[in-house]
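One file, model_17.csv, is given below (CSV, C-alpha atoms (C1' of nucleotides)).
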```csv
chain,number,residue,atom,x,y,z
A,1338,MET,CA,-3.3,9.7,5.9
A,1339,TRP,CA,-5.9,7.2,7.1
A,1340,ILE,CA,-6.0,4.6,4.4
A,1341,SER,CA,-3.3,2.2,5.4
A,1342,THR,CA,-0.6,1.1,3.1
A,1343,ARG,CA,-2.2,-2.3,3.2
A,1344,ALA,CA,-5.2,-1.2,1.3
A,1345,GLN,CA,-3.3,1.1,-1.0
A,1346,TYR,CA,-0.8,-1.7,-1.9
A,1347,GLY,CA,-3.7,-4.1,-2.3
A,1348,LEU,CA,-5.4,-1.9,-4.8
A,1349,ARG,CA,-2.2,-1.4,-6.7
A,1350,ALA,CA,-1.5,-5.1,-6.8
A,1351,LEU,CA,-5.0,-5.8,-8.2
A,1352,ILE,CA,-4.3,-3.3,-11.0
A,1353,GLU,CA,-1.2,-5.2,-12.0
A,1354,ILE,CA,-2.9,-8.6,-11.7
A,1355,GLY,CA,-5.9,-7.4,-13.7
A,1356,ARG,CA,-3.8,-5.9,-16.4
A,1357,GLN,CA,-3.1,-9.1,-18.4
A,1358,PRO,CA,-6.2,-11.2,-18.1
A,1359,GLY,CA,-5.8,-15.0,-18.4
A,1360,GLN,CA,-2.1,-15.3,-17.5
A,1361,PRO,CA,-1.0,-15.3,-13.9
A,1362,ILE,CA,1.6,-12.8,-12.7
A,1363,SER,CA,4.0,-13.6,-9.9
A,1364,LEU,CA,4.1,-11.5,-6.8
A,1365,LYS,CA,7.8,-11.0,-7.4
A,1366,GLU,CA,6.9,-9.2,-10.6
A,1367,VAL,CA,4.2,-7.1,-8.9
A,1368,ALA,CA,6.5,-6.2,-6.0
A,1369,THR,CA,9.2,-5.0,-8.4
A,1370,ARG,CA,6.9,-3.0,-10.7
A,1371,GLN,CA,5.2,-1.3,-7.8
A,1372,GLY,CA,8.1,-1.0,-5.4
A,1373,ILE,CA,6.6,-2.9,-2.6
A,1374,SER,CA,8.2,-5.4,-0.2
A,1375,LEU,CA,7.6,-9.0,-1.4
A,1376,HIS,CA,6.9,-10.5,1.9
A,1377,TYR,CA,4.5,-7.8,2.9
A,1378,LEU,CA,2.7,-8.2,-0.4
A,1379,GLU,CA,2.3,-11.9,0.2
A,1380,GLN,CA,0.3,-11.1,3.3
A,1381,ILE,CA,-1.9,-8.6,1.5
A,1382,VAL,CA,-2.6,-10.6,-1.6
A,1383,GLY,CA,-3.3,-13.6,0.7
A,1384,GLY,CA,-6.2,-11.7,2.1
A,1385,LEU,CA,-7.5,-10.8,-1.3
A,1386,ARG,CA,-7.4,-14.5,-2.2
A,1387,ARG,CA,-9.3,-15.6,0.8
A,1388,ALA,CA,-11.9,-12.9,0.0
A,1389,GLY,CA,-12.3,-14.2,-3.5
A,1390,PHE,CA,-10.9,-11.4,-5.5
A,1391,VAL,CA,-7.9,-13.4,-6.9
A,1392,GLN,CA,-6.9,-17.0,-7.6
A,1393,SER,CA,-3.5,-18.4,-7.1
A,1394,VAL,CA,-1.7,-20.8,-9.5
A,1395,ARG,CA,1.0,-22.7,-7.6
A,1396,GLY,CA,4.3,-24.1,-8.9
A,1397,ALA,CA,6.7,-22.8,-11.5
A,1398,ARG,CA,5.3,-20.2,-13.8
A,1399,GLY,CA,2.5,-19.7,-11.3
A,1400,GLY,CA,1.2,-16.5,-9.8
A,1401,TYR,CA,-2.1,-14.7,-9.3
A,1402,GLN,CA,-5.0,-13.9,-11.6
A,1403,LEU,CA,-8.3,-12.3,-11.1
A,1404,ALA,CA,-11.1,-14.6,-9.9
A,1405,ARG,CA,-13.8,-12.2,-11.1
A,1406,PRO,CA,-14.0,-9.7,-14.0
A,1407,ALA,CA,-12.4,-6.4,-13.2
A,1408,ALA,CA,-15.6,-4.5,-14.0
A,1409,GLY,CA,-17.3,-6.4,-11.1
A,1410,ILE,CA,-14.9,-5.4,-8.4
A,1411,ASN,CA,-15.2,-1.9,-6.8
A,1412,ALA,CA,-12.7,0.0,-4.7
A,1413,TYR,CA,-15.0,0.1,-1.7
A,1414,GLU,CA,-15.1,-3.7,-1.2
A,1415,VAL,CA,-11.4,-4.0,-1.8
A,1416,VAL,CA,-10.5,-1.3,0.7
A,1417,THR,CA,-12.9,-2.6,3.4
A,1418,THR,CA,-11.7,-6.2,2.9
A,1419,LEU,CA,-8.2,-5.2,3.7
A,1420,GLU,CA,-8.9,-2.4,6.1
A,1421,GLY,CA,-12.1,-3.3,7.9
A,1422,SER,CA,-14.6,-0.5,8.3
A,1423,ILE,CA,-13.6,2.9,7.0
A,1424,ALA,CA,-16.4,4.8,8.8
A,1425,PRO,CA,-15.1,8.2,10.0
A,1426,VAL,CA,-16.4,7.7,13.6
A,1427,GLN,CA,-17.7,4.8,15.6
A,1428,CYS,CA,-21.3,6.0,15.7
A,1429,VAL,CA,-21.5,5.4,12.0
A,1430,GLU,CA,-20.0,1.9,12.0
A,1431,ASP,CA,-22.5,-0.7,10.8
A,1432,ASP,CA,-23.4,-2.5,14.0
A,1433,HIS,CA,-22.8,0.2,16.4
A,1434,THR,CA,-25.4,2.0,18.5
A,1435,CYS,CA,-24.5,5.5,19.7
A,1436,ALA,CA,-23.5,5.7,23.3
A,1437,SER,CA,-24.6,9.3,23.7
A,1438,GLN,CA,-28.0,8.6,22.2
A,1439,ASN,CA,-27.6,11.0,19.3
A,1440,VAL,CA,-27.5,14.1,21.4
A,1441,CYS,CA,-24.0,15.0,20.5
A,1442,GLY,CA,-25.2,16.9,17.5
A,1443,THR,CA,-22.5,15.7,15.1
A,1444,GLN,CA,-23.9,12.3,14.0
A,1445,GLU,CA,-25.7,13.6,10.9
A,1446,LEU,CA,-22.4,15.2,9.7
A,1447,TRP,CA,-20.6,11.9,10.0
A,1448,PHE,CA,-23.3,10.1,8.2
A,1449,ARG,CA,-23.0,12.5,5.3
A,1450,VAL,CA,-19.2,12.0,5.2
A,1451,ASN,CA,-19.7,8.3,5.2
A,1452,ALA,CA,-22.2,8.3,2.4
A,1453,ALA,CA,-19.9,10.5,0.3
A,1454,LEU,CA,-17.1,8.0,0.8
A,1455,ARG,CA,-19.1,5.0,-0.2
A,1456,GLU,CA,-20.3,6.8,-3.2
A,1457,VAL,CA,-16.9,7.6,-4.5
A,1458,LEU,CA,-15.2,4.3,-3.7
A,1459,GLY,CA,-18.2,2.2,-4.6
A,1460,GLY,CA,-18.5,3.9,-7.9
A,1461,THR,CA,-15.0,3.1,-9.0
A,1462,THR,CA,-14.3,-0.3,-10.4
A,1463,LEU,CA,-11.0,-2.1,-10.9
A,1464,ALA,CA,-11.6,-1.8,-14.6
A,1465,ASP,CA,-11.7,2.0,-14.3
A,1466,LEU,CA,-8.5,2.0,-12.3
A,1467,ILE,CA,-6.7,-0.2,-14.9
A,1468,VAL,CA,-7.7,2.3,-17.6
A,1469,GLU,CA,-6.6,5.3,-15.5
A,1470,ALA,CA,-3.3,3.6,-14.7
A,1471,GLN,CA,-2.6,3.0,-18.4
A,1472,GLU,CA,-3.5,6.5,-19.3
A,1473,GLN,CA,-1.1,7.8,-16.6
A,1474,GLN,CA,1.8,5.7,-17.8
A,1475,HIS,CA,1.1,6.7,-21.4
A,1476,ALA,CA,1.1,10.4,-20.5
A,1477,ARG,CA,4.3,10.0,-18.6
A,1478,LEU,CA,6.1,8.3,-21.6
A,1479,ILE,CA,5.1,11.2,-23.8
A,1480,GLN,CA,6.4,13.6,-21.2
A,1481,LEU,CA,9.7,12.0,-21.1
A,1482,ALA,CA,10.2,11.8,-24.9
E,630,MET,CA,-12.7,5.1,12.7
E,631,TRP,CA,-10.2,7.6,11.4
E,632,ILE,CA,-11.4,10.8,12.9
E,633,SER,CA,-9.8,11.0,16.3
E,634,THR,CA,-11.8,11.6,19.4
E,635,ARG,CA,-9.8,14.8,19.6
E,636,ALA,CA,-11.5,16.2,16.6
E,637,GLN,CA,-14.9,14.7,17.5
E,638,TYR,CA,-14.8,16.1,21.0
E,639,GLY,CA,-13.6,19.5,19.7
E,640,LEU,CA,-16.6,19.8,17.4
E,641,ARG,CA,-19.0,18.8,20.2
E,642,ALA,CA,-17.4,21.3,22.6
E,643,LEU,CA,-17.8,24.0,20.0
E,644,ILE,CA,-21.5,23.2,19.7
E,645,GLU,CA,-22.0,23.7,23.4
E,646,ILE,CA,-19.9,26.8,23.5
E,647,GLY,CA,-21.8,28.3,20.5
E,648,ARG,CA,-25.2,27.5,21.9
E,649,GLN,CA,-25.6,30.4,24.2
E,650,PRO,CA,-23.9,33.4,22.4
E,651,GLY,CA,-22.6,36.2,24.6
E,652,GLN,CA,-22.2,34.3,27.8
E,653,PRO,CA,-19.1,32.1,28.5
E,654,ILE,CA,-19.6,28.5,29.5
E,655,SER,CA,-17.1,26.6,31.7
E,656,LEU,CA,-15.3,23.5,30.5
E,657,LYS,CA,-16.6,21.7,33.5
E,658,GLU,CA,-20.1,22.3,32.3
E,659,VAL,CA,-19.2,21.2,28.7
E,660,ALA,CA,-17.4,18.1,30.0
E,661,THR,CA,-20.5,17.0,32.1
E,662,ARG,CA,-23.0,17.7,29.3
E,663,GLN,CA,-21.0,15.8,26.7
E,664,GLY,CA,-19.5,13.2,28.9
E,665,ILE,CA,-15.9,14.0,28.2
E,666,SER,CA,-12.9,14.0,30.5
E,667,LEU,CA,-12.3,17.5,31.8
E,668,HIS,CA,-8.6,17.4,31.6
E,669,TYR,CA,-8.6,16.0,28.1
E,670,LEU,CA,-11.1,18.7,27.0
E,671,GLU,CA,-8.8,21.4,28.4
E,672,GLN,CA,-6.1,20.3,25.9
E,673,ILE,CA,-8.5,20.2,23.0
E,674,VAL,CA,-10.2,23.5,23.7
E,675,GLY,CA,-6.7,25.1,24.3
E,676,GLY,CA,-5.9,24.2,20.7
E,677,LEU,CA,-9.1,25.8,19.5
E,678,ARG,CA,-8.3,28.9,21.4
E,679,ARG,CA,-4.8,29.2,19.9
E,680,ALA,CA,-6.4,28.7,16.4
E,681,GLY,CA,-8.8,31.6,17.1
E,682,PHE,CA,-12.1,29.8,17.2
E,683,VAL,CA,-12.9,30.6,20.8
E,684,GLN,CA,-11.9,33.1,23.5
E,685,SER,CA,-11.3,32.4,27.1
E,686,VAL,CA,-12.7,34.5,30.0
E,687,ARG,CA,-10.7,33.8,33.1
E,688,GLY,CA,-11.6,33.9,36.8
E,689,ALA,CA,-14.8,33.0,38.5
E,690,ARG,CA,-17.9,32.8,36.2
E,691,GLY,CA,-15.4,32.6,33.4
E,692,GLY,CA,-15.3,30.0,30.6
E,693,TYR,CA,-15.2,30.0,26.9
E,694,GLN,CA,-17.1,31.7,24.2
E,695,LEU,CA,-16.9,31.8,20.4
E,696,ALA,CA,-14.4,34.3,18.9
E,697,ARG,CA,-16.2,34.3,15.5
E,698,PRO,CA,-19.8,33.9,14.5
E,699,ALA,CA,-20.9,30.3,14.3
E,700,ALA,CA,-21.9,30.7,10.6
E,701,GLY,CA,-18.4,31.6,9.7
E,702,ILE,CA,-16.8,28.4,11.2
E,703,ASN,CA,-16.9,25.3,9.1
E,704,ALA,CA,-16.3,21.7,10.1
E,705,TYR,CA,-13.4,21.2,7.8
E,706,GLU,CA,-11.2,23.9,9.4
E,707,VAL,CA,-12.1,22.7,12.9
E,708,VAL,CA,-11.2,19.1,12.1
E,709,THR,CA,-8.0,19.9,10.4
E,710,THR,CA,-6.9,22.3,13.1
E,711,LEU,CA,-7.2,19.5,15.7
E,712,GLU,CA,-6.2,16.6,13.5
E,713,GLY,CA,-3.8,17.9,11.0
E,714,SER,CA,-4.4,16.7,7.4
E,715,ILE,CA,-7.3,14.4,6.8
E,716,ALA,CA,-6.2,13.4,3.3
E,717,PRO,CA,-6.8,9.7,2.7
E,718,VAL,CA,-3.3,9.0,1.4
E,719,GLN,CA,0.1,10.8,1.4
E,720,CYS,CA,0.0,11.5,-2.3
E,721,VAL,CA,-2.9,13.8,-1.8
E,722,GLU,CA,-1.5,15.7,1.1
E,723,ASP,CA,-1.0,19.3,0.4
E,724,ASP,CA,2.8,19.7,0.1
E,725,HIS,CA,3.6,16.2,-1.0
E,726,THR,CA,5.0,15.0,-4.3
E,727,CYS,CA,4.3,11.5,-5.3
E,728,ALA,CA,7.2,9.1,-4.8
E,729,SER,CA,6.1,6.7,-7.6
E,730,GLN,CA,5.5,9.5,-10.0
E,731,ASN,CA,1.8,8.9,-10.6
E,732,VAL,CA,2.3,5.5,-12.1
E,733,CYS,CA,0.6,3.6,-9.4
E,734,GLY,CA,-2.8,4.2,-11.0
E,735,THR,CA,-4.7,5.0,-7.9
E,736,GLN,CA,-3.9,8.7,-7.4
E,737,GLU,CA,-7.0,10.0,-9.2
E,738,LEU,CA,-9.2,7.9,-7.0
E,739,TRP,CA,-7.7,9.3,-3.9
E,740,PHE,CA,-8.1,12.8,-5.2
E,741,ARG,CA,-11.8,12.2,-5.8
E,742,VAL,CA,-12.1,10.9,-2.2
E,743,ASN,CA,-10.3,13.9,-0.9
E,744,ALA,CA,-12.5,16.4,-2.8
E,745,ALA,CA,-15.7,14.7,-1.6
E,746,LEU,CA,-14.5,15.0,2.0
E,747,ARG,CA,-13.7,18.6,1.7
E,748,GLU,CA,-17.0,19.3,0.1
E,749,VAL,CA,-19.1,17.7,2.9
E,750,LEU,CA,-17.0,19.0,5.8
E,751,GLY,CA,-16.4,22.5,4.3
E,752,GLY,CA,-20.1,22.9,3.5
E,753,THR,CA,-21.2,22.4,7.0
E,754,THR,CA,-20.9,25.3,9.4
E,755,LEU,CA,-21.0,25.4,13.2
E,756,ALA,CA,-24.4,27.2,12.9
E,757,ASP,CA,-25.8,24.2,11.0
E,758,LEU,CA,-24.5,21.8,13.6
E,759,ILE,CA,-26.0,23.8,16.5
E,760,VAL,CA,-29.4,23.6,14.7
E,761,GLU,CA,-29.1,19.9,14.1
E,762,ALA,CA,-28.1,19.3,17.7
E,763,GLN,CA,-31.2,21.2,19.0
E,764,GLU,CA,-33.5,19.3,16.6
E,765,GLN,CA,-32.0,16.0,17.8
E,766,GLN,CA,-32.5,16.8,21.4
E,767,HIS,CA,-36.0,18.1,20.8
E,768,ALA,CA,-36.9,14.9,18.9
E,769,ARG,CA,-35.5,12.8,21.8
E,770,LEU,CA,-37.6,14.7,24.4
E,771,ILE,CA,-40.7,14.0,22.4
E,772,GLN,CA,-39.8,10.3,22.1
E,773,LEU,CA,-39.4,10.0,25.8
E,774,ALA,CA,-42.7,11.7,26.6
B,1437,DT,C1',-8.0,36.5,50.6
B,1438,DC,C1',-10.3,32.7,48.6
B,1439,DA,C1',-12.0,29.9,45.3
B,1440,DA,C1',-13.2,29.1,40.6
B,1441,DT,C1',-11.4,28.8,36.4
B,1442,DC,C1',-8.0,28.7,32.7
B,1443,DT,C1',-3.2,27.0,31.1
B,1444,DT,C1',0.8,24.3,30.3
B,1445,DG,C1',3.6,20.5,29.9
B,1446,DA,C1',5.3,16.1,31.2
B,1447,DC,C1',4.1,11.3,31.6
B,1448,DT,C1',1.7,6.8,30.8
B,1449,DT,C1',-0.5,3.0,28.8
B,1450,DA,C1',-2.4,0.4,25.1
B,1451,DT,C1',-3.0,-0.3,20.4
B,1452,DT,C1',-1.9,-0.2,15.6
B,1453,DT,C1',1.0,0.0,11.6
B,1454,DG,C1',4.2,-1.5,8.6
B,1455,DC,C1',7.1,-4.2,8.1
B,1456,DT,C1',10.9,-8.4,8.5
B,1457,DC,C1',12.1,-13.2,9.1
B,1458,DA,C1',12.0,-18.1,9.1
B,1459,DG,C1',10.3,-21.9,7.5
B,1460,DG,C1',7.1,-24.8,5.0
B,1461,DA,C1',3.8,-26.7,1.2
B,1462,DT,C1',2.8,-27.3,-3.6
B,1463,DA,C1',3.5,-28.1,-8.2
B,1464,DG,C1',5.6,-27.6,-12.8
B,1465,DT,C1',10.1,-28.8,-15.4
B,1466,DC,C1',14.1,-31.1,-16.9
P,1139,DG,C1',12.7,-37.9,-9.2
P,1140,DA,C1',15.5,-33.9,-8.0
P,1141,DC,C1',15.2,-29.0,-8.6
P,1142,DT,C1',13.3,-24.7,-8.4
P,1143,DA,C1',9.8,-21.2,-8.6
P,1144,DT,C1',6.2,-20.0,-6.4
P,1145,DC,C1',2.6,-19.7,-2.9
P,1146,DC,C1',1.5,-19.7,2.2
P,1147,DT,C1',1.6,-19.1,7.3
P,1148,DG,C1',2.6,-17.3,11.6
P,1149,DA,C1',5.7,-15.1,14.9
P,1150,DG,C1',8.0,-11.1,16.1
P,1151,DC,C1',9.4,-6.2,16.4
P,1152,DA,C1',10.3,-1.1,16.3
P,1153,DA,C1',8.1,3.2,15.8
P,1154,DA,C1',4.3,6.0,15.9
P,1155,DT,C1',-0.2,7.3,17.5
P,1156,DA,C1',-4.2,7.8,20.5
P,1157,DA,C1',-6.3,8.7,24.5
P,1158,DG,C1',-6.0,10.0,28.2
P,1159,DT,C1',-3.8,11.2,33.4
P,1160,DC,C1',-1.3,14.0,36.6
P,1161,DA,C1',0.8,17.9,38.7
P,1162,DA,C1',1.4,22.4,39.2
P,1163,DG,C1',0.8,27.1,38.2
P,1164,DA,C1',-1.4,31.8,36.5
P,1165,DT,C1',-5.4,34.8,36.5
P,1166,DT,C1',-9.2,37.1,38.1
P,1167,DG,C1',-14.0,37.9,40.2
P,1168,DA,C1',-16.3,38.1,44.5
```

For this file, produce the structure as structure tokens.
Amino acid sequence: MWISTRAQYGLRALIEIGRQPGQPISLKEVATRQGISLHYLEQIVGGLRRAGFVQSVRGARGGYQLARPAAGINAYEVVTTLEGSIAPVQCVEDDHTCASQNVCGTQELWFRVNAALREVLGGTTLADLIVEAQEQQHARLIQLA
Amino acid sequence: MWISTRAQYGLRALIEIGRQPGQPISLKEVATRQGISLHYLEQIVGGLRRAGFVQSVRGARGGYQLARPAAGINAYEVVTTLEGSIAPVQCVEDDHTCASQNVCGTQELWFRVNAALREVLGGTTLADLIVEAQEQQHARLIQLA
DNA sequence: TCAATCTTGACTTATTTGCTCAGGATAGTC
DNA sequence: GACTATCCTGAGCAAATAAGTCAAGATTGA
């Protein structure tokens, strides 16, 4: 497992926040629904706020809401905001120049891995995830009945 | 960077070992060529031996050689041998059942990421890597000339 | 016999992760 | 204008992991 809980929880929080557009949801609510520690969530969502994904509404009945439409947020930017680079190896990291001058023989492989990752994560928007989450919950309710 | 140096060095060692089929190469040689600590390399290649990728030849003029043809070894098995699972999140790990019963909404995303990874790594054989490594070195020699 | 090489396992050191805790700032509501 | 819900910040900490290092031995060719 190499995606930290930080990024995983951040994505899940965004799904909850994006679910009811217009009205803010408190972190307490998000924490209960997703089973995440409140204090830890505060740290994570703080990062998402500073990066411009969500807005906070302070005071009683406050909470968080999306700062941009869900269809305009993709999983790649969310994950890298919370996690930093997710390149498989250092060679492939944005600003890095290879110490062994490309003679190791594996660099092209890691580039292909990196490209595949960006394609999958960059091609999934928060709007997609919200739909998937709702379908999953629906399917589960039917299963229980 | 989430592929450990262990797996990276292991792949690079296999490229060196697979380069001259038939004759064993010492780890000292591999360590010098690839710029890796000898003792660390011993640990790593030991793992590859136990997993059946390479054979050791003891004594003077000994070393390591491939135990299977290079075209029959793919990067996915090498990496997972040295690294354990490379699933992005625990949900997706082979024997794991999801604690939040699939209501988190992100599981499908991680499955897609995992599938993309397996495809790229599983589709690259050691024989491919050896060719790529030789092309790289050739290109570099021309560049220097 | 000697030296080159493989083999094993314990140990170390630094970093990261995943939290917890304490305390504050801000703003609606009664 | 007190009360309370909420956001916000930074320090601290235990456990795990990574990336080696070190020491000592086994095996075999020359």

- Item | Proximity to chain A - best of B:DC1455, B:DC1466, B:DA1446, B:DA1461, all atoms listed in the file | B:DC1455

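The interatomic distance for the pair atom CA of A:Gly1384 and atom CA of A:Gly1347 works out to 9.1 Å.
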
- Message: I'd like the contact shell of stretch 1444-1453 of chain A - 10 Å cut-off, only C-alpha atoms (C1' of nucleotides), skipping same-chain residues fewer than 2 positions apart - returned as number ranges by chain.
- Response: A: 1423-1430, 1435, 1438-1442, 1455-1459; E: 632, 637, 704, 742, 744-750, 753, 757-758, 761-762, 765

- Message: Select, as a ChimeraX atom specification, those residues of chain A with any atom no more than 12 Å from chain P (distances computed using only C-alpha atoms (C1' of nucleotides)).
- Response: /A:1339,1361-1366,1375-1376,1378-1384,1386-1387,1392-1401

Which chain B residues have any atom within 7 Å of an atom of chain A, and for each, what is the nearest pair of atoms with distance in Å to one decimal, counting all atoms listed in the file, rows sorted by chain and number, as a tab-separated table?
```
residue	atom	partner	partner_atom	distance
B:DC1455	C1'	A:Tyr1377	CA	6.8
B:DT1462	C1'	A:Arg1395	CA	6.4
B:DA1463	C1'	A:Gly1396	CA	4.1
B:DG1464	C1'	A:Ala1397	CA	5.1
```

File dump, residues just selected, C-alpha atoms (C1' of nucleotides), as a PDB file, in the coordinates of the input:
```pdb
ATOM      1  C1'  DC B1455       7.100  -4.200   8.100  1.00  0.00           C
ATOM      2  C1'  DT B1462       2.800 -27.300  -3.600  1.00  0.00           C
ATOM      3  C1'  DA B1463       3.500 -28.100  -8.200  1.00  0.00           C
ATOM      4  C1'  DG B1464       5.600 -27.600 -12.800  1.00  0.00           C
TER       5       DG B1464
END
```

So for stretch 1145-1149 of chain P, what box centre and size do we get, axis-aligned, 4 Å extra on each of the six sides, every listed atom, Å to one decimal, as AutoDock Vina command-line options?
```
--center_x 3.6 --center_y -17.4 --center_z 6.0 --size_x 12.2 --size_y 12.6 --size_z 25.8
```

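You can rank E:Leu711, E:Ala756, E:Ala696, E:Ile702 by their closest distance to chain A using only C-alpha atoms, and at the top of that list sits E:Ala756.
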
- Task: Would you kindly return, as an MDAnalysis selection string, each protein, DNA or RNA residue with an atom no farther than 9 Å from any atom of A:Leu1463, considering all atoms listed in the file and excluding same-chain residues fewer than 5 positions away?
- Result: chainID A and resid 1348 1351:1352 1355 1406:1412 1468

Could you dump the residues just selected with C-alpha atoms as an mmCIF file, keeping the file's coordinate frame?
```cif
data_model
loop_
_atom_site.group_PDB
_atom_site.id
_atom_site.type_symbol
_atom_site.label_atom_id
_atom_site.label_comp_id
_atom_site.auth_asym_id
_atom_site.auth_seq_id
_atom_site.Cartn_x
_atom_site.Cartn_y
_atom_site.Cartn_z
ATOM 1 C CA LEU A 1348 -5.400 -1.900 -4.800
ATOM 2 C CA LEU A 1351 -5.000 -5.800 -8.200
ATOM 3 C CA ILE A 1352 -4.300 -3.300 -11.000
ATOM 4 C CA GLY A 1355 -5.900 -7.400 -13.700
ATOM 5 C CA PRO A 1406 -14.000 -9.700 -14.000
ATOM 6 C CA ALA A 1407 -12.400 -6.400 -13.200
ATOM 7 C CA ALA A 1408 -15.600 -4.500 -14.000
ATOM 8 C CA GLY A 1409 -17.300 -6.400 -11.100
ATOM 9 C CA ILE A 1410 -14.900 -5.400 -8.400
ATOM 10 C CA ASN A 1411 -15.200 -1.900 -6.800
ATOM 11 C CA ALA A 1412 -12.700 0.000 -4.700
ATOM 12 C CA VAL A 1468 -7.700 2.300 -17.600
#
```

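Minimum distance to chain E across A:Val1391, A:Gln1402, A:Arg1477, A:Met1338 (counting only C-alpha atoms) occurs at A:Met1338.
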
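Copy-to-copy comparison places chain E at a Cα RMSD of 0.1 Å from chain A, following a least-squares fit over all residues.
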
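Remark: for chain E, the closest of the candidate residues A:Thr1443, A:Ala1482, A:Ile1373, A:Leu1403 is A:Thr1443 (distances computed over all atoms listed in the file).
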
- Quote the spacing between atom CA of E:Thr710 and atom CA of E:Gln766 in Å to one decimal place. 27.5 Å

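Going from atom CA of A:Gly1460 to atom CA of A:Gln1357 covers 22.7 Å.
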
- Counting only C-alpha atoms, the option among E:Thr709, E:Ile759, E:Arg697, E:Leu770 closest to chain A: E:Ile759
